Structure formats: structure tokens, C-alpha cells
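*Asks:* query35.cif (mmCIF, C-alpha atoms) pasted underneath:
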data_target
loop_
_atom_site.label_atom_id
_atom_site.label_comp_id
_atom_site.auth_asym_id
_atom_site.auth_seq_id
_atom_site.Cartn_x
_atom_site.Cartn_y
_atom_site.Cartn_z
CA MET A 164 74.06 184.28 230.28
CA LYS A 165 77.65 185.51 230.10
CA THR A 166 78.01 185.06 233.87
CA LEU A 167 76.58 181.56 233.67
CA LEU A 168 79.04 180.67 230.90
CA THR A 169 81.96 182.07 232.92
CA LEU A 170 80.92 180.09 235.98
CA THR A 171 80.53 176.90 233.94
CA ILE A 172 84.02 177.35 232.48
CA LEU A 173 85.44 178.02 235.96
CA LEU A 174 83.87 174.86 237.30
CA ALA A 175 85.08 172.84 234.32
CA LEU A 176 88.60 174.19 234.77
CA THR A 177 88.73 172.90 238.32
CA LEU A 178 88.14 169.34 237.18
CA THR A 179 90.43 167.08 235.23
CA ALA A 180 89.23 164.67 232.55
CA ASN A 181 88.65 161.89 235.07
CA GLY A 182 86.66 164.22 237.33
CA GLN A 183 89.34 164.55 240.00
CA GLU A 184 90.09 167.86 241.61
CA ARG A 185 92.83 169.79 239.88
CA ASN A 186 92.80 172.49 242.52
CA PRO A 187 93.21 171.47 246.09
CA ASN A 188 90.93 172.54 248.88
CA ILE A 189 92.96 175.48 250.20
CA ALA A 190 90.97 175.59 253.43
CA LEU A 191 92.80 172.45 254.57
CA THR A 192 96.04 174.32 255.16
CA ALA A 193 94.40 177.47 256.54
CA THR A 194 93.46 178.45 260.08
CA ALA A 195 89.87 178.20 261.26
CA THR A 196 88.37 180.44 263.92
CA ALA A 197 84.77 181.07 264.93
CA SER A 198 82.56 183.62 266.64
CA SER A 199 82.15 181.13 269.50
CA THR A 200 82.28 177.40 270.22
CA LEU A 201 79.93 175.23 272.25
CA ASN A 202 82.89 173.55 273.95
CA ALA A 203 86.27 172.02 273.12
CA ASN A 204 84.59 169.07 271.40
CA PHE A 205 83.06 171.30 268.73
CA PRO A 206 86.15 173.22 267.60
CA ALA A 207 86.36 175.58 264.64
CA SER A 208 89.21 173.43 263.30
CA ALA A 209 86.71 170.60 262.67
CA ALA A 210 85.41 172.61 259.72
CA ASN A 211 88.67 172.36 257.77
CA ASP A 212 89.89 168.87 258.66
CA GLY A 213 88.87 167.32 255.33
CA ASP A 214 86.04 165.23 256.82
CA ARG A 215 82.62 166.06 255.42
CA LYS A 216 80.81 163.21 257.16
CA ALA A 217 81.08 164.47 260.74
CA TYR A 218 80.40 161.04 262.18
CA GLU A 219 82.31 162.19 265.23
CA HIS A 220 79.85 164.98 265.95
CA GLY A 221 80.45 165.91 269.58
CA ALA A 222 83.99 164.55 269.51
CA GLY A 223 85.70 167.01 267.20
CA GLY A 224 83.85 166.11 264.01
CA SER A 225 82.05 169.39 263.51
CA TRP A 226 82.00 172.98 264.66
CA ALA A 227 79.07 174.20 266.77
CA ASP A 228 78.70 177.71 268.11
CA GLY A 229 78.10 178.52 271.76
CA THR A 230 75.15 180.91 271.55
CA PRO A 231 71.93 178.90 271.10
CA ASN A 232 69.14 180.57 269.17
CA VAL A 233 71.23 183.68 268.55
CA TRP A 234 72.19 184.12 264.90
CA GLY A 235 75.00 185.98 263.26
CA ASP A 236 77.48 183.20 264.10
CA TRP A 237 80.43 182.86 261.78
CA LEU A 238 83.19 180.44 260.99
CA GLU A 239 86.22 181.86 259.27
CA ILE A 240 89.10 180.30 257.35
CA ALA A 241 92.22 182.49 257.20
CA PHE A 242 94.91 181.84 254.58
CA ASP A 243 98.59 182.52 255.10
CA SER A 244 98.51 184.84 252.05
CA PRO A 245 95.74 186.28 249.82
CA LYS A 246 94.13 183.77 247.43
CA SER A 247 91.79 184.00 244.47
CA ILE A 248 88.70 182.07 245.46
CA SER A 249 86.02 181.01 243.00
CA ARG A 250 84.29 178.13 244.72
CA VAL A 251 83.20 177.36 248.25
CA THR A 252 81.55 174.15 249.40
CA VAL A 253 79.78 173.82 252.71
CA THR A 254 78.36 170.69 254.32
CA PHE A 255 75.80 170.37 257.06
CA LEU A 256 75.10 167.73 259.69
CA HIS A 257 73.02 164.69 258.73
CA ASN A 258 69.57 164.47 260.34
CA ASN A 259 70.62 161.11 261.75
CA PHE A 260 74.27 161.78 262.50
CA ASN A 261 74.55 158.65 264.65
CA ALA A 262 74.04 156.41 261.61
CA PRO A 263 77.11 155.00 259.83
CA PRO A 264 78.95 157.84 258.11
CA THR A 265 78.05 158.77 254.59
CA GLU A 266 79.27 161.51 252.28
CA PRO A 267 76.70 164.31 252.23
CA ASN A 268 75.27 165.05 248.80
CA THR A 269 73.34 167.80 247.08
CA SER A 270 70.00 165.99 247.16
CA GLU A 271 70.01 164.83 250.79
CA THR A 272 68.09 167.13 253.13
CA CYS A 273 69.55 168.36 256.41
CA THR A 274 66.63 170.03 258.14
CA THR A 275 67.29 168.97 261.73
CA TYR A 276 70.75 170.43 262.36
CA GLY A 277 71.36 172.16 259.03
CA VAL A 278 71.76 175.84 258.31
CA LYS A 279 68.83 177.48 256.56
CA GLY A 280 70.04 181.01 255.87
CA TYR A 281 73.66 181.99 255.39
CA GLU A 282 76.12 184.06 253.44
CA ILE A 283 79.50 183.06 252.08
CA GLN A 284 81.86 186.01 252.34
CA VAL A 285 85.43 186.75 251.28
CA PHE A 286 87.58 189.33 253.08
CA ASN A 287 88.67 191.23 249.99
CA ARG A 288 91.60 193.49 249.20
CA GLN A 289 89.61 196.53 250.32
CA GLY A 290 89.42 195.02 253.77
CA MET A 291 85.67 194.41 253.49
CA TRP A 292 83.61 191.25 253.83
CA GLN A 293 82.23 190.72 250.35
CA THR A 294 79.23 188.42 250.01
CA VAL A 295 79.83 186.03 247.13
CA ALA A 296 76.89 183.69 247.70
CA SER A 297 73.88 183.53 249.94
CA GLU A 298 71.02 181.23 250.82
CA ALA A 299 67.74 182.07 252.53
CA SER A 300 66.01 178.70 252.57
CA ASN A 301 68.65 176.01 252.21
CA ASP A 302 67.56 172.52 253.19
CA LYS A 303 70.38 170.45 251.64
CA CYS A 304 73.35 168.72 253.24
CA LEU A 305 75.87 169.84 250.63
CA LYS A 306 75.97 173.17 248.85
CA GLU A 307 78.53 174.17 246.29
CA HIS A 308 78.83 177.86 245.45
CA VAL A 309 80.67 178.86 242.28
CA PHE A 310 81.26 182.56 241.66
CA SER A 311 83.50 185.00 239.83
CA PRO A 312 86.94 184.89 241.47
CA VAL A 313 87.51 187.17 244.43
CA ARG A 314 90.96 187.71 245.91
CA GLY A 315 91.06 187.74 249.65
CA SER A 316 92.84 186.61 252.77
CA LYS A 317 89.87 184.98 254.50
CA VAL A 318 86.60 183.27 253.70
CA ARG A 319 83.71 182.71 256.07
CA ILE A 320 80.18 181.49 256.48
CA LEU A 321 77.89 183.91 258.26
CA VAL A 322 74.86 182.09 259.65
CA ASN A 323 71.61 184.04 259.60
CA GLU A 324 69.27 181.20 260.54
CA GLY A 325 69.53 177.53 261.43
CA TYR A 326 67.08 174.68 261.81
CA TYR A 327 68.59 173.81 265.18
CA GLN A 328 69.43 176.11 268.06
CA TYR A 329 73.17 175.91 267.31
CA SER A 330 75.03 176.68 264.11
CA ILE A 331 76.70 173.40 263.16
CA LEU A 332 79.17 172.98 260.34
CA PRO A 333 81.10 169.78 259.54
CA GLU A 334 83.13 171.26 256.69
CA LEU A 335 83.90 174.42 254.70
CA GLU A 336 86.04 174.01 251.59
CA ALA A 337 87.54 176.75 249.46
CA TYR A 338 88.98 176.42 245.97
CA GLY A 339 90.93 178.83 243.86
CA LEU A 340 91.44 179.14 240.13
CA MET B 248 6.41 167.94 257.02
CA VAL B 249 8.54 170.41 255.12
CA GLY B 250 9.50 171.97 258.43
CA ILE B 251 10.69 168.66 259.92
CA HIS B 252 12.75 167.83 256.81
CA SER B 253 14.38 171.27 256.95
CA ILE B 254 15.31 170.86 260.63
CA ALA B 255 16.84 167.43 259.94
CA ALA B 256 18.87 168.83 257.06
CA ASP B 257 20.09 171.72 259.18
CA SER B 258 21.10 169.33 261.94
CA LEU B 259 23.05 167.16 259.51
CA ALA B 260 24.87 170.17 258.08
CA GLU B 261 25.66 171.36 261.59
CA ARG B 262 27.06 167.95 262.57
CA ARG B 263 29.20 167.89 259.44
CA TYR B 264 30.41 171.39 260.17
CA MET B 265 31.34 170.41 263.74
CA ALA B 266 33.03 167.22 262.57
CA GLU B 267 35.13 169.22 260.10
CA GLY B 268 36.13 171.62 262.85
CA LEU B 269 37.08 168.76 265.15
CA LYS B 270 39.13 167.06 262.41
CA GLU B 271 40.92 170.33 261.75
CA ARG B 272 41.76 170.79 265.44
CA ILE B 273 42.95 167.18 265.74
CA GLY B 274 45.14 167.60 262.64
CA LYS B 275 46.64 170.79 264.04
CA ARG B 276 47.38 169.09 267.36
CA ILE B 277 49.04 166.15 265.59
CA THR B 278 51.26 168.62 263.72
CA GLU B 279 52.17 170.40 266.98
CA LEU B 280 52.96 167.17 268.82
CA THR B 281 54.98 165.81 265.88
CA ALA B 282 57.07 169.00 265.83
CA ALA B 283 57.55 168.84 269.62
CA ARG B 284 58.58 165.17 269.40
CA ASP B 285 61.07 165.87 266.60
CA THR B 286 62.58 168.78 268.53
CA PHE B 287 62.87 166.55 271.60
CA ILE B 288 64.65 163.83 269.59
CA ALA B 289 66.98 166.37 267.97
CA ASN B 290 67.88 167.83 271.37
CA ALA B 291 68.34 164.40 272.92
CA ASN B 292 70.65 163.23 270.13
CA HIS B 293 72.68 166.42 270.24
CA GLN B 294 72.94 166.39 274.02
CA ALA B 295 74.00 162.73 273.87
CA ALA B 296 76.79 163.79 271.50
CA VAL B 297 77.83 166.50 273.97
CA PHE B 298 77.93 163.95 276.81
CA ASN B 299 79.73 161.37 274.66
CA GLY B 300 82.36 163.96 273.81
CA ALA B 301 82.91 164.83 277.47
CA ILE B 302 83.00 161.15 278.49
CA GLY B 303 85.47 160.41 275.69
CA GLU B 304 87.69 163.23 276.90
CA LEU B 305 87.69 161.90 280.47
CA GLU B 306 88.32 158.33 279.30
CA ALA B 307 91.36 159.50 277.34
CA LEU B 308 92.60 161.36 280.41
CA LEU B 309 92.11 158.27 282.58
CA LYS B 310 93.99 156.12 280.07
CA THR B 311 96.89 158.59 280.07
CA GLU B 312 97.04 158.51 283.88
CA GLU B 313 96.93 154.71 283.91
CA GLU B 314 99.71 154.53 281.34
CA LYS B 315 101.81 156.88 283.47
CA GLU B 316 101.26 154.71 286.54
CA ALA B 317 101.94 151.38 284.80
CA PRO B 318 105.77 151.66 284.53
CA ALA B 319 106.00 152.81 288.14
CA ASP B 320 103.94 149.82 289.29
CA LYS B 321 106.16 147.44 287.33
CA ALA B 322 109.26 148.98 288.83
CA GLU B 323 107.81 148.56 292.31
CA GLU B 324 106.98 144.93 291.59
CA GLY B 325 110.55 144.36 290.46
CA THR B 326 112.07 145.68 293.65
CA ALA B 327 109.66 143.73 295.91
#
When written as C-alpha cells, how does the structure in this file appear?

*Replies:*
Amino acid sequence: MKTLLTLTILLALTLTANGQERNPNIALTATATASSTLNANFPASAANDGDRKAYEHGAGGSWADGTPNVWGDWLEIAFDSPKSISRVTVTFLHNNFNAPPTEPNTSETCTTYGVKGYEIQVFNRQGMWQTVASEASNDKCLKEHVFSPVRGSKVRILVNEGYYQYSILPELEAYGL
Amino acid sequence: MVGIHSIAADSLAERRYMAEGLKERIGKRITELTAARDTFIANANHQAAVFNGAIGELEALLKTEEEKEAPADKAEEGTA
């Protein structure tokens, strides 16, 4: 109950009265790298370019790994200095990504190219990857993970299972306090 | 008479049993084919995106080359 209250307060603190973000997405100014990439048109940098829609999938709109049907892929966002992170948002590729672009939402399902099982991890001050959130059977296009703040220099998504043979990620956003 | 009625009933039950089995197998096959079709479409769409990306890259390269050549062509025309 106490944890839930803390998380609710943290989420409320990140929003202003008119619902706009008070804290910027700090992933936008960070450096993205990945375990592998399918080719130059699916770069890691697509995951922190501020575009959740990924209409340009296949032309730099989203990251895709280069090891089909092999899991354990990761996409990492490295900050220039350690940050306190309390919220991470990840988006997945629309089932019909060729359709006119739309903002992914928390009720839309992404079960063709989406990621089913994953962990959100922060590289903490002890130099360890600390799991701050995890999913085993995600089927949504947008997932927001709010957690107690963790200070670290990097954040990543570790993919344990996908619906498609490649791990595909249009966007990973990170927010501090 | 009782014997004939019993045989008829057994036959009906057997036919129903076989029909149920057939329906179950057909249903299973539909599920399998639907999954195979969906996987095929997903692969086709993704592969199309891969090709589109590569084509886009080459088109950009071609445009750059053409733009490089254009001033040279104009210069040649001027001297002719």
C-alpha cells in the first residue's frame, strides 16, 4: 500500500496541472546502443528519437535486432552522467505498421511484432543491472513502468521473448524525478 | 425388434461421435492454417519494410550522385 502510494505520488509529481510533462524524457539526449541490429535501417538510435509511432519501420523508425528467434537481445540508453530514474515507457510496433501513423496507447494490442517478455533494468551505482520492472506476457503497444527511483548511468530493455522473430522497439523513454 | 432398435441407436451415436471428431480436426486445421497465414503476412510485411529501406537508401544515393553531376553538366553545356 505504501509502495503504491509512493508510486502514485511520483507519477503525479511528473505531471503539471494541465497534464504536460514536467520532466523531460532524458533518453532523448542519451546514446543508444544495442546487442545487435538487423541492418543500418533498424538502428538503435531509432529508439530514442522521440517518435513513438514508427511509421518509418524499415527506414530508421525503429530498432530491430539481428539475431532472429534468439532472445536475450537488449537495447541500452547511456546517459552522460548518472540520473535518478523513476519511470520508463516502452512502445512496440503496431500490428499494421503500414497504416497511417498513430500514437500507440495502453489498450491497443501489439501481438504481431510486439515484445511479450522483457525486463527494464538500470545500471546502478554498484555497477550491476538492477531489474526495476518486468513483463512475462505483455500484449500491449505502450507500457509505462513507474518504480521507486534508482540512480544509474544506463537503462535498458532486455528482451526475453517476442511475438515476432526479431526484437523490435520503436521507442524507449526514461524519466527522472 | 429390441435388437434392431439398439443397433440403430448405436449407429447413430457412432455417427455423432465421428462427426464430432471430424469437426474437431477441421477446427484444429483452421487454427493451424490461420496461424500460418498470419505468420506469412507478418513476414511479408516486415520483409517489404526491409526492402523498402534498402531501396530508399539506394534512391538517396542515386539522387546525391545526380546532384553532383548536374553542375558539371551545366558547365559543359555553357562551354559548348

*Asks:* Report the closest atom pair, with its distance in Å rounded to one decimal, for each residue of range 191-309 of chain A that has an atom no farther than 7 Å from range 295-316 of chain B; count all atoms listed in the file, sort by chain and then rising residue number, and write it as a tab-separated table.

*Replies:*
residue	atom	partner	partner_atom	distance
A:Asn204	CA	B:Gly300	CA	6.1
A:His220	CA	B:Ala296	CA	6.4
A:Gly221	CA	B:Ala296	CA	4.6
A:Ala222	CA	B:Gly300	CA	4.6

*Asks:* Just how far from CA of Tyr218 in chain A is CA of Val309 in chain A, in Å to one decimal?

*Replies:*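 For CA of Val309 in chain A relative to CA of Tyr218 in chain A, the distance reads 26.7 Å.
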
*Asks:* I want to know what sits within 8 Å of Thr272 in chain A, based on only C-alpha atoms, with residues of the same chain fewer than 5 positions away left out; could you give that as a PyMOL selection string?

*Replies:* chain A and resi 257-258+302-304

*Asks:* I'd like to know which of A:Gly213, A:Gly224, A:Pro333, A:Pro206 is closest to Ala190 in chain A, using all atoms listed in the file.

*Replies:*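 Distance minimum relative to Ala190 in chain A lands on A:Gly213.
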
*Asks:* Pull out every residue that the PyMOL selection byres ((chain A and resi 322-330) around 8) matches in the shown coordinates and put them as a PDB file with C-alpha atoms, in the coordinates of the input.

*Replies:*
ATOM      1  CA  TRP A 226      82.000 172.980 264.660  1.00  0.00           C
ATOM      2  CA  ALA A 227      79.070 174.200 266.770  1.00  0.00           C
ATOM      3  CA  ASP A 228      78.700 177.710 268.110  1.00  0.00           C
ATOM      4  CA  GLY A 229      78.100 178.520 271.760  1.00  0.00           C
ATOM      5  CA  THR A 230      75.150 180.910 271.550  1.00  0.00           C
ATOM      6  CA  PRO A 231      71.930 178.900 271.100  1.00  0.00           C
ATOM      7  CA  ASN A 232      69.140 180.570 269.170  1.00  0.00           C
ATOM      8  CA  VAL A 233      71.230 183.680 268.550  1.00  0.00           C
ATOM      9  CA  TRP A 234      72.190 184.120 264.900  1.00  0.00           C
ATOM     10  CA  GLY A 235      75.000 185.980 263.260  1.00  0.00           C
ATOM     11  CA  ASP A 236      77.480 183.200 264.100  1.00  0.00           C
ATOM     12  CA  TRP A 237      80.430 182.860 261.780  1.00  0.00           C
ATOM     13  CA  THR A 274      66.630 170.030 258.140  1.00  0.00           C
ATOM     14  CA  THR A 275      67.290 168.970 261.730  1.00  0.00           C
ATOM     15  CA  TYR A 276      70.750 170.430 262.360  1.00  0.00           C
ATOM     16  CA  GLY A 277      71.360 172.160 259.030  1.00  0.00           C
ATOM     17  CA  VAL A 278      71.760 175.840 258.310  1.00  0.00           C
ATOM     18  CA  LYS A 279      68.830 177.480 256.560  1.00  0.00           C
ATOM     19  CA  GLY A 280      70.040 181.010 255.870  1.00  0.00           C
ATOM     20  CA  TYR A 281      73.660 181.990 255.390  1.00  0.00           C
ATOM     21  CA  GLU A 282      76.120 184.060 253.440  1.00  0.00           C
ATOM     22  CA  ILE A 320      80.180 181.490 256.480  1.00  0.00           C
ATOM     23  CA  LEU A 321      77.890 183.910 258.260  1.00  0.00           C
ATOM     24  CA  ILE A 331      76.700 173.400 263.160  1.00  0.00           C
ATOM     25  CA  LEU A 332      79.170 172.980 260.340  1.00  0.00           C
TER      26      LEU A 332
END

*Asks:* For the file shown, what are the residues hit by the PyMOL selection byres ((chain A and resi 244-251) around 7), laid out as an mmCIF file with C-alpha atoms, in the coordinates of the input?

*Replies:*
data_model
loop_
_atom_site.group_PDB
_atom_site.id
_atom_site.type_symbol
_atom_site.label_atom_id
_atom_site.label_comp_id
_atom_site.auth_asym_id
_atom_site.auth_seq_id
_atom_site.Cartn_x
_atom_site.Cartn_y
_atom_site.Cartn_z
ATOM 1 C CA PHE A 242 94.910 181.840 254.580
ATOM 2 C CA ASP A 243 98.590 182.520 255.100
ATOM 3 C CA THR A 252 81.550 174.150 249.400
ATOM 4 C CA VAL A 253 79.780 173.820 252.710
ATOM 5 C CA GLU A 307 78.530 174.170 246.290
ATOM 6 C CA HIS A 308 78.830 177.860 245.450
ATOM 7 C CA VAL A 309 80.670 178.860 242.280
ATOM 8 C CA PHE A 310 81.260 182.560 241.660
ATOM 9 C CA SER A 311 83.500 185.000 239.830
ATOM 10 C CA PRO A 312 86.940 184.890 241.470
ATOM 11 C CA VAL A 313 87.510 187.170 244.430
ATOM 12 C CA ARG A 314 90.960 187.710 245.910
ATOM 13 C CA GLY A 315 91.060 187.740 249.650
ATOM 14 C CA SER A 316 92.840 186.610 252.770
ATOM 15 C CA GLU A 336 86.040 174.010 251.590
ATOM 16 C CA ALA A 337 87.540 176.750 249.460
ATOM 17 C CA TYR A 338 88.980 176.420 245.970
ATOM 18 C CA GLY A 339 90.930 178.830 243.860
ATOM 19 C CA LEU A 340 91.440 179.140 240.130
#

*Asks:* To one decimal place in Å, what is the distance between CA of Thr294 in chain A and CA of Leu335 in chain A?

*Replies:*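 Between these atoms lies a distance of 15.5 Å.
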
*Asks:* Smallest atom-to-atom distance to chain B: which of A:Met291, A:Leu256, A:Ala299, A:Ile189, using all atoms listed in the file?

*Replies:*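 When distances to chain B are compared using all atoms listed in the file, the smallest one comes from A:Leu256.
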
*Asks:* For CA of Leu238 in chain A and CA of Ala282 in chain B, determine how far apart the two atoms are, in Å to one decimal place.

*Replies:* 28.9 Å

*Asks:* Compare A:Ala262, A:Ile283, A:Ile240, A:Val295 by their minimum atom-to-atom distance to Asn292 in chain B, counting all atoms listed in the file, and give me the closest one.

*Replies:* A:Ala262

*Asks:* Determine the nearest neighbour of chain B from the options A:Glu298, A:Asp214, A:Glu219, A:Glu271, counting all atoms listed in the file.

*Replies:*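 Smallest separation from chain B among the options: A:Glu219.
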
*Asks:* Can you give me, as JSON, numbers by chain, the residues this file yields under the PyMOL selection byres ((chain A and resi 207) around 9)?

*Replies:* {"A": [194, 195, 196, 197, 199, 200, 205, 206, 208, 209, 210, 211, 223, 225, 226, 227, 228, 238, 239, 332]}

*Asks:* For range 313-332 of chain A, what centre and edge lengths in Å (one decimal) does the axis-aligned box get once 8 Å is added on each side of all its listed atoms, as JSON?

*Replies:*
{"center_x": 80.0, "center_y": 180.4, "center_z": 256.2, "size_x": 41.8, "size_y": 30.8, "size_z": 39.6}
